[in-house]
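Structure file my_file-v6.cif with mmCIF, C-alpha atoms:
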data_structure
loop_
_atom_site.group_PDB
_atom_site.id
_atom_site.type_symbol
_atom_site.label_atom_id
_atom_site.label_comp_id
_atom_site.auth_asym_id
_atom_site.auth_seq_id
_atom_site.Cartn_x
_atom_site.Cartn_y
_atom_site.Cartn_z
ATOM 1 C CA MET W 1 7.243 15.482 10.628
ATOM 2 C CA ASN W 2 5.037 17.430 8.247
ATOM 3 C CA THR W 3 5.943 19.605 5.309
ATOM 4 C CA PRO W 4 3.081 22.027 4.584
ATOM 5 C CA PRO W 5 2.099 22.726 0.988
ATOM 6 C CA SER W 6 3.531 25.782 -0.687
ATOM 7 C CA PHE W 7 1.222 28.155 -2.554
ATOM 8 C CA GLY W 8 1.791 31.275 -4.560
ATOM 9 C CA SER W 9 4.504 32.132 -7.043
ATOM 10 C CA SER W 10 7.334 33.336 -4.795
ATOM 11 C CA ASN W 11 9.591 30.576 -6.147
ATOM 12 C CA PRO W 12 11.617 31.950 -9.084
ATOM 13 C CA ASN W 13 11.177 28.641 -10.899
ATOM 14 C CA ASN W 14 7.446 29.313 -11.078
ATOM 15 C CA ARG W 15 8.014 32.619 -12.900
ATOM 16 C CA ARG W 16 9.938 31.183 -15.820
ATOM 17 C CA ALA W 17 8.742 32.170 -19.261
ATOM 18 C CA GLY W 18 5.917 30.030 -20.518
ATOM 19 C CA VAL W 19 4.897 28.793 -17.068
ATOM 20 C CA ASN W 20 1.596 29.923 -15.631
ATOM 21 C CA ALA W 21 1.880 29.468 -11.860
ATOM 22 C CA LYS W 22 -1.907 29.555 -11.468
ATOM 23 C CA ASN W 23 -2.197 26.318 -13.459
ATOM 24 C CA ARG W 24 0.391 24.435 -11.418
ATOM 25 C CA GLN W 25 -0.848 21.824 -8.977
ATOM 26 C CA LEU W 26 1.174 21.853 -5.740
ATOM 27 C CA LEU W 27 0.232 18.847 -3.640
ATOM 28 C CA PRO W 28 0.491 18.763 0.150
ATOM 29 C CA LEU W 29 3.507 16.671 1.167
ATOM 30 C CA THR W 30 3.543 14.837 4.485
ATOM 31 C CA VAL W 31 6.150 12.649 6.179
ATOM 32 C CA TRP W 32 4.865 9.880 8.457
ATOM 33 C CA LEU W 33 7.028 7.848 10.819
ATOM 34 C CA CYS W 34 5.869 4.267 10.224
ATOM 35 C CA PRO W 35 8.674 1.904 11.295
ATOM 36 C CA ASP W 36 8.069 -1.792 10.826
ATOM 37 C CA THR W 37 7.912 -3.854 13.989
ATOM 38 C CA ALA W 38 9.375 -7.218 14.914
ATOM 39 C CA HIS W 39 5.848 -8.630 15.159
ATOM 40 C CA GLU W 40 5.359 -8.207 11.415
ATOM 41 C CA ALA W 41 8.367 -10.408 10.665
ATOM 42 C CA GLY W 42 7.175 -13.290 12.843
ATOM 43 C CA THR W 43 6.291 -16.793 11.758
ATOM 44 C CA ILE W 44 3.264 -18.923 12.384
ATOM 45 C CA THR W 45 3.038 -22.697 12.440
ATOM 46 C CA ALA W 46 0.455 -24.187 10.130
ATOM 47 C CA SER W 47 -1.438 -26.902 11.964
ATOM 48 C CA GLN W 48 -2.142 -28.840 8.775
ATOM 49 C CA ASP W 49 1.412 -29.951 8.119
ATOM 50 C CA HIS W 50 3.307 -28.669 11.207
ATOM 51 C CA GLN W 51 5.619 -26.629 9.006
ATOM 52 C CA GLN W 52 6.502 -23.016 9.559
ATOM 53 C CA THR W 53 5.093 -20.532 7.074
ATOM 54 C CA GLU W 54 6.851 -17.190 6.886
ATOM 55 C CA LEU W 55 6.281 -14.174 4.680
ATOM 56 C CA CYS W 56 9.306 -12.844 2.825
ATOM 57 C CA LEU W 57 10.593 -9.356 3.599
ATOM 58 C CA ARG W 58 8.938 -7.763 0.555
ATOM 59 C CA HIS W 59 5.501 -8.995 1.572
ATOM 60 C CA THR W 60 5.817 -8.129 5.265
ATOM 61 C CA ARG W 61 6.769 -4.585 4.271
ATOM 62 C CA ALA W 62 4.138 -4.073 1.575
ATOM 63 C CA VAL W 63 1.815 -2.418 4.122
ATOM 64 C CA GLY W 64 3.187 -2.177 7.661
ATOM 65 C CA THR W 65 0.935 -1.997 10.701
ATOM 66 C CA GLU W 66 1.955 1.572 11.581
ATOM 67 C CA LEU W 67 1.323 2.808 8.044
ATOM 68 C CA ALA W 68 -2.063 1.058 8.012
ATOM 69 C CA ARG W 69 -2.982 2.735 11.308
ATOM 70 C CA GLN W 70 -2.021 6.157 9.979
ATOM 71 C CA LEU W 71 -4.056 5.726 6.804
ATOM 72 C CA ILE W 72 -7.125 4.326 8.548
ATOM 73 C CA SER W 73 -7.202 6.920 11.346
ATOM 74 C CA THR W 74 -6.620 9.785 8.884
ATOM 75 C CA CYS W 75 -9.004 8.768 6.087
ATOM 76 C CA THR W 76 -11.931 7.014 7.811
ATOM 77 C CA PRO W 77 -14.385 7.755 10.639
ATOM 78 C CA GLN W 78 -14.891 5.373 13.531
ATOM 79 C CA GLY W 79 -16.971 2.450 12.330
ATOM 80 C CA GLY W 80 -16.038 3.159 8.697
ATOM 81 C CA VAL W 81 -15.364 0.484 6.106
ATOM 82 C CA VAL W 82 -11.839 -0.223 4.840
ATOM 83 C CA ALA W 83 -11.016 -2.471 1.886
ATOM 84 C CA GLU W 84 -7.591 -3.809 0.969
ATOM 85 C CA ALA W 85 -6.423 -5.096 -2.395
ATOM 86 C CA PHE W 86 -3.159 -6.928 -3.143
ATOM 87 C CA THR W 87 -3.291 -8.184 0.462
ATOM 88 C CA SER W 88 -0.015 -9.777 1.526
ATOM 89 C CA SER W 89 -0.157 -9.724 5.342
ATOM 90 C CA ASP W 90 -2.490 -9.255 8.286
ATOM 91 C CA ALA W 91 -1.346 -5.677 8.996
ATOM 92 C CA THR W 92 -4.314 -3.749 7.545
ATOM 93 C CA LEU W 93 -6.999 -6.051 8.924
ATOM 94 C CA ARG W 94 -5.450 -6.053 12.398
ATOM 95 C CA ALA W 95 -5.031 -2.265 12.436
ATOM 96 C CA ALA W 96 -8.639 -1.756 11.335
ATOM 97 C CA ALA W 97 -9.931 -4.097 14.047
ATOM 98 C CA GLU W 98 -7.909 -2.286 16.719
ATOM 99 C CA LEU W 99 -9.244 1.092 15.528
ATOM 100 C CA ASP W 100 -12.899 -0.030 15.565
ATOM 101 C CA ARG W 101 -13.329 -0.104 11.789
ATOM 102 C CA ARG W 102 -14.817 -2.761 9.573
ATOM 103 C CA ALA W 103 -12.373 -4.161 7.033
ATOM 104 C CA ILE W 104 -12.434 -6.596 4.127
ATOM 105 C CA ALA W 105 -9.335 -7.864 2.345
ATOM 106 C CA CYS W 106 -9.095 -9.437 -1.098
ATOM 107 C CA VAL W 107 -7.195 -12.728 -0.656
ATOM 108 C CA PRO W 108 -7.831 -14.966 -3.668
ATOM 109 C CA HIS W 109 -5.520 -17.841 -2.699
ATOM 110 C CA LEU W 110 -6.021 -20.266 0.190
ATOM 111 C CA PRO W 111 -2.416 -20.629 1.525
ATOM 112 C CA LEU W 112 -2.118 -16.881 2.043
ATOM 113 C CA ALA W 113 -5.607 -16.708 3.576
ATOM 114 C CA ARG W 114 -4.647 -19.462 6.032
ATOM 115 C CA HIS W 115 -1.492 -17.603 7.021
ATOM 116 C CA ILE W 116 -3.325 -14.316 7.566
ATOM 117 C CA GLY W 117 -6.181 -16.017 9.408
ATOM 118 C CA GLY W 118 -3.784 -17.757 11.768
ATOM 119 C CA ARG W 119 -2.023 -14.509 12.623
ATOM 120 C CA LEU W 120 -5.308 -12.708 13.240
ATOM 121 C CA ARG W 121 -6.730 -15.431 15.469
ATOM 122 C CA ALA W 122 -3.550 -15.305 17.547
ATOM 123 C CA ASP W 123 -3.598 -11.513 17.984
ATOM 124 C CA CYS W 124 -7.226 -10.346 17.905
ATOM 125 C CA SER W 125 -10.107 -10.767 20.317
ATOM 126 C CA PRO W 126 -13.385 -12.363 19.157
ATOM 127 C CA GLN W 127 -14.977 -8.916 19.077
ATOM 128 C CA GLN W 128 -12.185 -7.595 16.858
ATOM 129 C CA LEU W 129 -12.395 -10.632 14.582
ATOM 130 C CA SER W 130 -16.097 -9.941 14.055
ATOM 131 C CA ARG W 131 -15.198 -6.630 12.353
ATOM 132 C CA ILE W 132 -12.874 -8.080 9.707
ATOM 133 C CA ALA W 133 -13.162 -10.561 6.859
ATOM 134 C CA MET W 134 -11.371 -11.917 3.795
ATOM 135 C CA ARG W 135 -12.967 -12.404 0.396
ATOM 136 C CA PRO W 136 -11.599 -14.813 -2.268
ATOM 137 C CA CYS W 137 -11.483 -12.270 -5.094
ATOM 138 C CA ARG W 138 -8.742 -10.714 -7.194
ATOM 139 C CA PRO W 139 -8.082 -6.973 -6.827
ATOM 140 C CA ASP W 140 -9.534 -6.225 -10.254
ATOM 141 C CA GLN W 141 -12.756 -8.001 -9.170
ATOM 142 C CA MET W 142 -13.106 -6.390 -5.759
ATOM 143 C CA HIS W 143 -16.228 -4.489 -6.797
ATOM 144 C CA ARG W 144 -17.923 -7.866 -7.243
ATOM 145 C CA GLY W 145 -16.434 -9.510 -4.159
ATOM 146 C CA LEU W 146 -17.496 -6.529 -2.028
ATOM 147 C CA ALA W 147 -20.849 -5.933 -3.719
ATOM 148 C CA ASP W 148 -22.636 -6.027 -0.349
ATOM 149 C CA PHE W 149 -20.577 -2.990 0.708
ATOM 150 C CA ALA W 150 -21.213 -1.000 -2.479
ATOM 151 C CA GLY W 151 -21.235 2.720 -1.727
ATOM 152 C CA GLU W 152 -20.028 2.195 1.851
ATOM 153 C CA VAL W 153 -16.242 1.803 1.503
ATOM 154 C CA ALA W 154 -14.439 4.887 2.813
ATOM 155 C CA LEU W 155 -10.869 3.781 2.078
ATOM 156 C CA VAL W 156 -9.185 1.340 -0.277
ATOM 157 C CA ILE W 157 -5.563 0.487 0.578
ATOM 158 C CA ALA W 158 -3.345 -1.164 -2.029
ATOM 159 C CA ALA W 159 0.351 -1.903 -2.422
ATOM 160 C CA PRO W 160 0.579 -3.302 -5.969
ATOM 161 C CA PRO W 161 3.495 -5.723 -6.383
ATOM 162 C CA PRO W 162 5.980 -5.237 -9.231
ATOM 163 C CA TYR W 163 4.406 -7.851 -11.485
ATOM 164 C CA SER W 164 1.210 -5.830 -11.868
ATOM 165 C CA LEU W 165 3.282 -3.129 -13.556
ATOM 166 C CA GLY W 166 4.862 -5.480 -16.073
ATOM 167 C CA SER W 167 7.836 -6.647 -13.992
ATOM 168 C CA PRO W 168 8.770 -10.284 -13.404
ATOM 169 C CA THR W 169 7.170 -12.031 -10.481
ATOM 170 C CA SER W 170 9.564 -12.626 -7.612
ATOM 171 C CA ALA W 171 10.206 -16.274 -6.928
ATOM 172 C CA GLY W 172 9.744 -17.545 -3.411
ATOM 173 C CA ARG W 173 8.013 -20.046 -1.173
ATOM 174 C CA CYS W 174 6.232 -17.625 1.139
ATOM 175 C CA PRO W 175 2.407 -17.514 0.851
ATOM 176 C CA GLY W 176 2.573 -14.029 -0.663
ATOM 177 C CA CYS W 177 5.008 -15.094 -3.384
ATOM 178 C CA LEU W 178 2.882 -18.123 -4.216
ATOM 179 C CA SER W 179 -0.179 -15.903 -4.481
ATOM 180 C CA ASP W 180 1.734 -13.542 -6.785
ATOM 181 C CA ALA W 181 2.778 -16.403 -9.048
ATOM 182 C CA LEU W 182 -0.818 -17.587 -9.436
ATOM 183 C CA THR W 183 -2.153 -14.104 -10.186
ATOM 184 C CA SER W 184 0.605 -12.478 -12.232
ATOM 185 C CA SER W 185 -0.643 -13.430 -15.692
ATOM 186 C CA GLU W 186 -4.244 -12.396 -14.993
ATOM 187 C CA LEU W 187 -4.087 -8.938 -13.452
ATOM 188 C CA ARG W 188 -3.407 -5.407 -14.644
ATOM 189 C CA ILE W 189 -3.179 -2.279 -12.537
ATOM 190 C CA ASP W 190 -5.728 -0.389 -14.651
ATOM 191 C CA GLY W 191 -8.294 -3.134 -14.001
ATOM 192 C CA PHE W 192 -7.787 -2.734 -10.270
ATOM 193 C CA LEU W 193 -8.117 1.064 -10.416
ATOM 194 C CA LEU W 194 -11.483 0.759 -12.136
ATOM 195 C CA ALA W 195 -12.622 -1.795 -9.538
ATOM 196 C CA ALA W 196 -11.524 0.558 -6.747
ATOM 197 C CA TRP W 197 -13.501 3.401 -8.334
ATOM 198 C CA ARG W 198 -16.621 1.227 -8.363
ATOM 199 C CA THR W 199 -16.058 0.100 -4.752
ATOM 200 C CA LEU W 200 -15.482 3.497 -3.093
ATOM 201 C CA ARG W 201 -18.210 5.795 -1.874
ATOM 202 C CA ARG W 202 -18.334 9.381 -3.099
ATOM 203 C CA GLY W 203 -15.640 11.311 -1.267
ATOM 204 C CA GLY W 204 -13.844 8.074 -0.396
ATOM 205 C CA HIS W 205 -10.079 7.681 -0.608
ATOM 206 C CA LEU W 206 -7.676 5.404 -2.430
ATOM 207 C CA ALA W 207 -4.208 4.949 -0.890
ATOM 208 C CA LEU W 208 -1.660 3.475 -3.306
ATOM 209 C CA ILE W 209 1.657 2.463 -1.768
ATOM 210 C CA THR W 210 4.693 2.121 -4.024
ATOM 211 C CA THR W 211 8.434 1.711 -3.583
ATOM 212 C CA SER W 212 11.094 2.567 -6.139
ATOM 213 C CA ARG W 213 13.393 -0.309 -7.055
ATOM 214 C CA HIS W 214 16.480 -1.064 -9.116
ATOM 215 C CA GLU W 215 15.805 -3.166 -12.184
ATOM 216 C CA LYS W 216 18.450 -4.070 -14.778
ATOM 217 C CA GLY W 217 20.743 -1.303 -13.580
ATOM 218 C CA ARG W 218 18.202 1.510 -13.502
ATOM 219 C CA LEU W 219 15.851 2.990 -10.942
ATOM 220 C CA VAL W 220 12.185 2.243 -11.582
ATOM 221 C CA ASP W 221 9.507 4.384 -9.930
ATOM 222 C CA PRO W 222 5.978 3.025 -10.535
ATOM 223 C CA ALA W 223 4.200 6.043 -9.018
ATOM 224 C CA PRO W 224 3.994 8.296 -12.144
ATOM 225 C CA GLN W 225 2.329 5.574 -14.218
ATOM 226 C CA ILE W 226 -0.221 4.830 -11.481
ATOM 227 C CA ILE W 227 -0.972 8.542 -10.993
ATOM 228 C CA ARG W 228 -1.662 9.002 -14.726
ATOM 229 C CA GLN W 229 -3.987 6.005 -14.849
ATOM 230 C CA ALA W 230 -5.864 7.024 -11.699
ATOM 231 C CA ARG W 231 -6.431 10.550 -12.991
ATOM 232 C CA THR W 232 -7.694 9.193 -16.290
ATOM 233 C CA LEU W 233 -10.429 7.347 -14.396
ATOM 234 C CA GLY W 234 -11.464 10.509 -12.561
ATOM 235 C CA PHE W 235 -9.612 10.241 -9.248
ATOM 236 C CA ARG W 236 -8.264 13.453 -7.725
ATOM 237 C CA TYR W 237 -4.646 13.215 -6.619
ATOM 238 C CA SER W 238 -5.000 14.912 -3.239
ATOM 239 C CA GLN W 239 -1.816 14.264 -1.246
ATOM 240 C CA HIS W 240 1.589 12.590 -1.333
ATOM 241 C CA VAL W 241 2.930 10.909 1.786
ATOM 242 C CA ILE W 242 6.483 9.740 2.432
ATOM 243 C CA ALA W 243 6.200 6.860 4.902
ATOM 244 C CA LEU W 244 9.501 6.204 6.671
ATOM 245 C CA ARG W 245 9.827 2.481 7.346
ATOM 246 C CA VAL W 246 12.794 2.742 9.716
ATOM 247 C CA PRO W 247 12.997 4.079 13.281
ATOM 248 C CA VAL W 248 14.377 7.506 14.098
ATOM 249 C CA GLN W 249 16.747 8.021 17.012
ATOM 250 C CA GLY W 250 17.355 11.683 17.677
ATOM 251 C CA ASP W 251 17.975 13.141 14.232
ATOM 252 C CA GLU W 252 19.286 9.916 12.651
ATOM 253 C CA LEU W 253 17.553 7.145 10.722
ATOM 254 C CA LEU W 254 18.291 3.641 12.020
ATOM 255 C CA VAL W 255 18.452 1.784 8.721
ATOM 256 C CA GLN W 256 17.264 -1.799 9.130
ATOM 257 C CA ALA W 257 18.086 -4.809 7.000
ATOM 258 C CA SER W 258 14.849 -6.345 8.307
ATOM 259 C CA PRO W 259 12.244 -5.352 10.931
ATOM 260 C CA THR W 260 14.291 -7.185 13.590
ATOM 261 C CA GLN W 261 17.795 -6.134 12.561
ATOM 262 C CA VAL W 262 19.852 -2.967 12.403
ATOM 263 C CA ALA W 263 22.175 -2.711 9.438
ATOM 264 C CA GLN W 264 25.917 -2.758 10.159
ATOM 265 C CA LEU W 265 28.739 -0.967 8.409
ATOM 266 C CA ARG W 266 30.323 -3.056 5.667
ATOM 267 C CA ASP W 267 33.971 -3.305 4.723
ATOM 268 C CA ILE W 268 34.752 -0.369 2.428
ATOM 269 C CA ARG W 269 37.250 -2.576 0.571
ATOM 270 C CA SER W 270 34.514 -4.980 -0.461
ATOM 271 C CA ARG W 271 33.426 -4.864 -4.095
ATOM 272 C CA ALA W 272 30.101 -6.493 -3.326
ATOM 273 C CA LEU W 273 26.995 -4.355 -3.563
ATOM 274 C CA PRO W 274 25.432 -3.452 -0.204
ATOM 275 C CA PRO W 275 22.128 -5.146 0.666
ATOM 276 C CA ALA W 276 19.037 -3.366 -0.601
ATOM 277 C CA VAL W 277 17.210 -1.694 2.274
ATOM 278 C CA SER W 278 13.786 -0.102 1.917
ATOM 279 C CA VAL W 279 13.911 3.123 3.900
ATOM 280 C CA HIS W 280 10.613 4.634 2.808
ATOM 281 C CA ALA W 281 7.495 4.072 0.745
ATOM 282 C CA ASP W 282 5.582 6.576 -1.379
ATOM 283 C CA VAL W 283 1.879 6.805 -0.625
ATOM 284 C CA CYS W 284 -0.305 8.472 -3.247
ATOM 285 C CA LEU W 285 -3.657 9.512 -1.790
ATOM 286 C CA PHE W 286 -6.517 9.890 -4.269
ATOM 287 C CA THR W 287 -10.110 10.998 -3.691
ATOM 288 C CA LYS W 288 -13.226 9.950 -5.557
ATOM 289 C CA PRO W 289 -14.984 13.278 -6.214
ATOM 290 C CA PRO W 290 -18.218 13.846 -4.266
ATOM 291 C CA ALA W 291 -20.090 14.941 -7.417
ATOM 292 C CA ALA W 292 -20.973 12.367 -10.043
ATOM 293 C CA ARG W 293 -18.820 12.459 -13.137
ATOM 294 C CA THR W 294 -20.515 12.453 -16.517
ATOM 295 C CA GLY W 295 -18.774 10.283 -19.070
ATOM 296 C CA GLY W 296 -15.192 9.025 -19.045
ATOM 297 C CA GLN W 297 -13.766 5.647 -18.190
ATOM 298 C CA GLY W 298 -14.247 6.182 -14.457
ATOM 299 C CA ALA W 299 -17.985 6.815 -14.580
ATOM 300 C CA ASP W 300 -20.042 4.546 -12.346
ATOM 301 C CA ARG W 301 -21.485 1.589 -14.117
#
Kindly transcribe the structure held in the file into structure tokens.
Amino acid sequence: MNTPPSFGSSNPNNRRAGVNAKNRQLLPLTVWLCPDTAHEAGTITASQDHQQTELCLRHTRAVGTELARQLISTCTPQGGVVAEAFTSSDATLRAAAELDRRAIACVPHLPLARHIGGRLRADCSPQQLSRIAMRPCRPDQMHRGLADFAGEVALVIAAPPPYSLGSPTSAGRCPGCLSDALTSSELRIDGFLLAAWRTLRRGGHLALITTSRHEKGRLVDPAPQIIRQARTLGFRYSQHVIALRVPVQGDELLVQASPTQVAQLRDIRSRALPPAVSVHADVCLFTKPPAARTGGQGADR
């Protein structure tokens, strides 16, 4: 499902007084079908204490396997290097290994690293495991943690959690929530964007995945703030992708309450609010310009 970009000034809205259509930037808009799978909602038993460790729904859906595959196959060549920041699951590393890419994920906290490592060892072959790695560095320090790949990274994937945009950290016992709680007071999104700029090769891509949410009775969309900050650093906003997280049957969306469940109709007489269901994610694709930039905050240092 693709919606091609529209060019020209045939739209009457573009001919309004005071609007110069030639100066308007019309981004390509694409729709990808990236439904979450039951595998991503699974649990793994930690051998250290024989207790089950399970990621919460928000962290399993941060970057789904199908979305990771789409991004990696679209934005990188075979054998290319992929980096992930704000890592919350094994989805990106596993997808990269299956697509014959090298991948490194920033996982600064041990419980989450153990969870991801256990999932990968259960699903990937030794050859696939040799292509992927985790580094104990925060997203805003990824240029240091991945210094040995400087100038080689073709794609950085990131799904910043709400706390990095000034929102409260979600409480929970899953490894991703614990990692969030330990990092929330130390990290800012602008610091990560600068680290991503320093990590990417010229012509490389940054994929930022966001989801609108309700907060204190209003809808909060983090994408505009991230787009402004990325452009300030020198990134080119090249494409917007709508990634559908739910399956499609015929011409209908099968809205899921979780990757393993299909939502049911609720009693219309109930006054309770319906459960929040994430139907899609917004993916902002940025490009680091091939030519060196002179000056500005995003200049290589």
Once you count only C-alpha atoms, what closest atom pair and distance in Å to one decimal does each residue of range 181-233 of chain W within 9 Å of range 136-148 of chain W have, with rows by chain and rising residue number, as CSV?
residue,atom,partner,partner_atom,distance
W:Thr183,CA,W:Arg138,CA,8.0
W:Leu187,CA,W:Asp140,CA,6.9
W:Arg188,CA,W:Asp140,CA,7.6
W:Ile189,CA,W:Asp140,CA,7.8
W:Asp190,CA,W:Asp140,CA,8.2
W:Gly191,CA,W:Asp140,CA,5.0
W:Phe192,CA,W:Asp140,CA,3.9
W:Leu193,CA,W:Asp140,CA,7.4
W:Leu194,CA,W:Asp140,CA,7.5
W:Ala195,CA,W:His143,CA,5.3
W:Ala196,CA,W:His143,CA,6.9
W:Trp197,CA,W:His143,CA,8.5
W:Arg198,CA,W:His143,CA,5.9
W:Thr199,CA,W:His143,CA,5.0
W:Leu200,CA,W:His143,CA,8.8
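Counting from CA of Leu233 in chain W, the distance to CA of Leu155 in chain W is 16.9 Å.
Applied to this file, the PyMOL selection byres ((chain W and resi 35) around 6) selects the residues Cys34, Asp36, Arg245, Val246 and Pro247 of chain W.
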Name every residue that the PyMOL selection byres ((chain W and resi 289) around 9) selects in this structure, writing the answer as a list in words with chains first and numbers rising.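 Given this file, the PyMOL selection byres ((chain W and resi 289) around 9) evaluates to Arg202, Gly203, Gly204, Gly234, Phe235, Arg236, Thr287, Lys288, Pro290, Ala291, Ala292 and Arg293 of chain W.
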Close residues, Ala113 in chain W itself excluded, 10 Å, all atoms listed in the file, min 3 positions apart in chain, as an NGL selection string: :W and (87-90 or 105-110 or 116-119 or 134-136 or 175-176 or 179)
Same residues, C-alpha atoms, saved as a PDB file, in the frame of the given file:
ATOM      1  CA  THR W  87      -3.291  -8.184   0.462  1.00  0.00           C
ATOM      2  CA  SER W  88      -0.015  -9.777   1.526  1.00  0.00           C
ATOM      3  CA  SER W  89      -0.157  -9.724   5.342  1.00  0.00           C
ATOM      4  CA  ASP W  90      -2.490  -9.255   8.286  1.00  0.00           C
ATOM      5  CA  ALA W 105      -9.335  -7.864   2.345  1.00  0.00           C
ATOM      6  CA  CYS W 106      -9.095  -9.437  -1.098  1.00  0.00           C
ATOM      7  CA  VAL W 107      -7.195 -12.728  -0.656  1.00  0.00           C
ATOM      8  CA  PRO W 108      -7.831 -14.966  -3.668  1.00  0.00           C
ATOM      9  CA  HIS W 109      -5.520 -17.841  -2.699  1.00  0.00           C
ATOM     10  CA  LEU W 110      -6.021 -20.266   0.190  1.00  0.00           C
ATOM     11  CA  ILE W 116      -3.325 -14.316   7.566  1.00  0.00           C
ATOM     12  CA  GLY W 117      -6.181 -16.017   9.408  1.00  0.00           C
ATOM     13  CA  GLY W 118      -3.784 -17.757  11.768  1.00  0.00           C
ATOM     14  CA  ARG W 119      -2.023 -14.509  12.623  1.00  0.00           C
ATOM     15  CA  MET W 134     -11.371 -11.917   3.795  1.00  0.00           C
ATOM     16  CA  ARG W 135     -12.967 -12.404   0.396  1.00  0.00           C
ATOM     17  CA  PRO W 136     -11.599 -14.813  -2.268  1.00  0.00           C
ATOM     18  CA  PRO W 175       2.407 -17.514   0.851  1.00  0.00           C
ATOM     19  CA  GLY W 176       2.573 -14.029  -0.663  1.00  0.00           C
ATOM     20  CA  SER W 179      -0.179 -15.903  -4.481  1.00  0.00           C
TER      21      SER W 179
END
Got a sec to resolve the PyMOL selection byres ((chain W and resi 211) around 6) on this structure and send the residues as a PyMOL selection string? chain W and resi 210+212+281
Which residue gives the smallest distance to Pro161 in chain W among W:Ala133, W:Ala96, W:Val63, W:Ile104, with only C-alpha atoms counted? W:Val63
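In this model, the gap between CA of Glu84 in chain W and CA of His205 in chain W comes to 11.9 Å.
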